[in-house]
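The file protein_2.txt contains compact mmCIF, C-alpha atoms:
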```txt
# COMPACT_ATOMS: atom_id res chain seq x y z
CA VAL A 1 33.50 67.60 -43.95
CA GLN A 2 31.87 70.67 -45.47
CA LEU A 3 30.71 73.84 -43.77
CA GLN A 4 28.13 75.75 -45.77
CA ALA A 5 27.54 79.38 -44.84
CA SER A 6 24.55 81.27 -46.16
CA GLY A 7 22.36 84.27 -45.50
CA GLY A 8 24.60 87.12 -46.58
CA GLY A 9 23.33 90.05 -48.58
CA VAL A 10 23.01 93.80 -48.80
CA VAL A 11 21.30 95.65 -45.98
CA GLN A 12 21.00 99.26 -44.90
CA ALA A 13 22.71 100.51 -41.78
CA GLY A 14 20.61 99.71 -38.74
CA GLY A 15 19.15 96.62 -40.33
CA SER A 16 19.49 92.94 -39.48
CA LEU A 17 20.64 89.73 -41.12
CA ARG A 18 20.85 86.16 -39.95
CA LEU A 19 23.63 83.97 -41.25
CA ALA A 20 23.50 80.18 -41.10
CA CYS A 21 26.25 77.59 -41.11
CA THR A 22 25.61 73.89 -41.58
CA ALA A 23 28.14 71.10 -41.25
CA SER A 24 27.87 67.93 -43.30
CA ALA A 25 30.11 65.03 -44.24
CA SER A 26 28.60 63.23 -47.24
CA GLY A 27 26.92 60.59 -45.11
CA LYS A 28 30.00 59.84 -43.03
CA ARG A 29 29.97 59.86 -39.25
CA PHE A 30 31.06 63.12 -37.66
CA LYS A 31 30.54 65.25 -34.59
CA VAL A 32 30.95 69.00 -34.36
CA ASN A 33 32.88 69.97 -31.24
CA SER A 34 32.56 73.71 -31.71
CA PHE A 35 31.60 76.42 -34.17
CA ALA A 36 32.82 79.97 -34.55
CA TRP A 37 32.25 82.91 -36.85
CA TYR A 38 34.97 85.07 -38.37
CA ARG A 39 34.95 87.88 -40.88
CA GLN A 40 37.33 89.57 -43.26
CA GLY A 41 36.66 93.12 -44.33
CA PRO A 42 38.11 94.79 -47.44
CA GLY A 43 41.88 95.07 -47.06
CA MET A 44 41.76 93.62 -43.57
CA GLU A 45 42.86 90.44 -41.90
CA ARG A 46 40.37 87.81 -40.88
CA GLU A 47 39.08 88.45 -37.38
CA PHE A 48 37.10 86.58 -34.78
CA VAL A 49 33.44 87.52 -34.40
CA ALA A 50 31.68 85.04 -32.11
CA ASP A 51 31.67 81.46 -30.94
CA GLY A 52 29.49 78.87 -29.28
CA ARG A 53 30.65 79.88 -25.83
CA HIS A 54 28.98 83.24 -26.48
CA ARG A 55 32.25 85.06 -26.67
CA TYR A 56 32.07 88.06 -28.95
CA ALA A 57 34.43 90.56 -30.48
CA ASP A 58 34.12 93.91 -28.74
CA SER A 59 32.97 95.51 -31.98
CA VAL A 60 29.87 93.29 -32.19
CA ASP A 61 29.08 92.57 -28.54
CA GLY A 62 25.50 93.55 -27.79
CA ARG A 63 24.52 93.60 -31.48
CA PHE A 64 25.28 90.06 -32.66
CA ASP A 65 24.03 86.78 -31.23
CA PHE A 66 25.42 83.28 -31.73
CA LEU A 67 22.37 81.03 -31.98
CA ARG A 68 22.00 77.29 -31.89
CA PHE A 69 18.74 75.35 -31.83
CA SER A 70 17.82 71.67 -31.91
CA ASP A 71 19.94 70.83 -34.99
CA GLU A 72 23.40 70.39 -33.49
CA ASN A 73 25.02 70.68 -36.92
CA THR A 74 23.65 74.14 -37.72
CA VAL A 75 24.41 77.46 -36.07
CA TYR A 76 23.40 81.01 -36.81
CA LEU A 77 24.77 84.48 -36.41
CA GLN A 78 22.00 86.98 -35.77
CA MET A 79 23.32 90.40 -36.68
CA ASN A 80 21.37 93.44 -35.53
CA LYS A 81 21.99 97.17 -35.73
CA LEU A 82 24.37 96.61 -38.59
CA ARG A 83 26.94 99.27 -39.42
CA PRO A 84 28.88 99.96 -42.61
CA GLU A 85 32.03 98.75 -40.85
CA ASP A 86 30.41 95.32 -40.49
CA THR A 87 30.80 94.90 -44.25
CA ALA A 88 32.89 91.79 -44.76
CA VAL A 89 32.96 88.22 -45.93
CA TYR A 90 31.73 86.15 -43.02
CA TYR A 91 33.15 82.68 -42.49
CA CYS A 92 32.09 79.90 -40.22
CA SER A 93 34.63 77.52 -38.82
CA GLY A 94 34.15 74.30 -36.99
CA ASN A 95 36.23 71.88 -35.02
CA VAL A 96 34.86 68.56 -36.20
CA TRP A 97 35.64 65.01 -35.17
CA THR A 98 35.61 62.19 -37.70
CA PRO A 99 36.76 58.59 -37.23
CA ALA A 100 39.39 58.98 -39.94
CA GLU A 101 40.95 62.33 -38.96
CA GLY A 102 40.08 62.89 -35.33
CA SER A 103 39.34 66.52 -34.39
CA THR A 104 40.19 68.94 -37.19
CA ASP A 105 39.40 72.55 -37.94
CA TYR A 106 37.38 73.27 -41.08
CA TRP A 107 36.32 76.49 -42.78
CA GLY A 108 33.26 77.32 -44.83
CA GLN A 109 33.43 79.22 -48.10
CA GLY A 110 32.24 82.55 -46.72
CA THR A 111 29.19 84.69 -47.35
CA GLN A 112 29.30 88.38 -48.25
CA VAL A 113 27.60 90.92 -46.02
CA THR A 114 27.40 94.49 -47.28
CA VAL A 115 25.99 97.26 -45.12
CA SER A 116 25.16 100.49 -46.92
CA SER A 117 25.10 103.82 -45.18
```
Translate this structure into structure tokens?
Amino acid sequence: VQLQASGGGVVQAGGSLRLACTASASGKRFKVNSFAWYRQGPGMEREFVADGRHRYADSVDGRFDFLRFSDENTVYLQMNKLRPEDTAVYYCSGNVWTPAEGSTDYWGQGTQVTVSS
């Protein structure tokens, strides 16, 4: 199972970005039970950002939206009103079921978001 995160970049404070995360499994059967977004800022520990139950970290609540459309294997993180302190590597994680391993947690490779002041 692979989780591919994309959409990071450099944006000015107050701007917006939309990250995407897509799960795949090289043609094997799988089902995503849940997705979540995390981030790790410079010199900081990885922290929770948002999940598919629309739970949000206090620091992003009201500015970020966890989005999911018709493709059940892709989710998005819409980030609005970005602040310099949102600068981090953003990771998606997923709890994914496969016939061989059952339900397992997986992590994507991360995508860099840099917010300039």
Open item on the list: What's around Val96 in chain A at 7 Å? Count all atoms listed in the file, leave out sequence neighbours fewer than 5 positions away in its own chain, and write the answer as a ChimeraX atom specification.
Closed with: /A:30-33,103-105
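Among the candidate residues A:Leu19, A:Glu85, A:Phe35, A:Gln40, the one lying nearest to Arg55 in chain A is A:Phe35, with distances computed using only C-alpha atoms.
The two atoms in question, CA of Gly7 in chain A and CA of Asp86 in chain A, are spaced 14.6 Å apart.
With all atoms listed in the file as the atoms that count, the residue of A:Asn73, A:Thr114, A:Gln2, A:Ser34 with the shortest distance to His54 in chain A is A:Ser34.
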- [ ] Do a neighbour search on Trp107 in chain A at 7 Å with all atoms listed in the file, toss out local chain neighbours closer than 5 positions, and write the hits as a list in words.
- [x] Leu3, Tyr91, Cys92, Ser93 and Gly94 of chain A
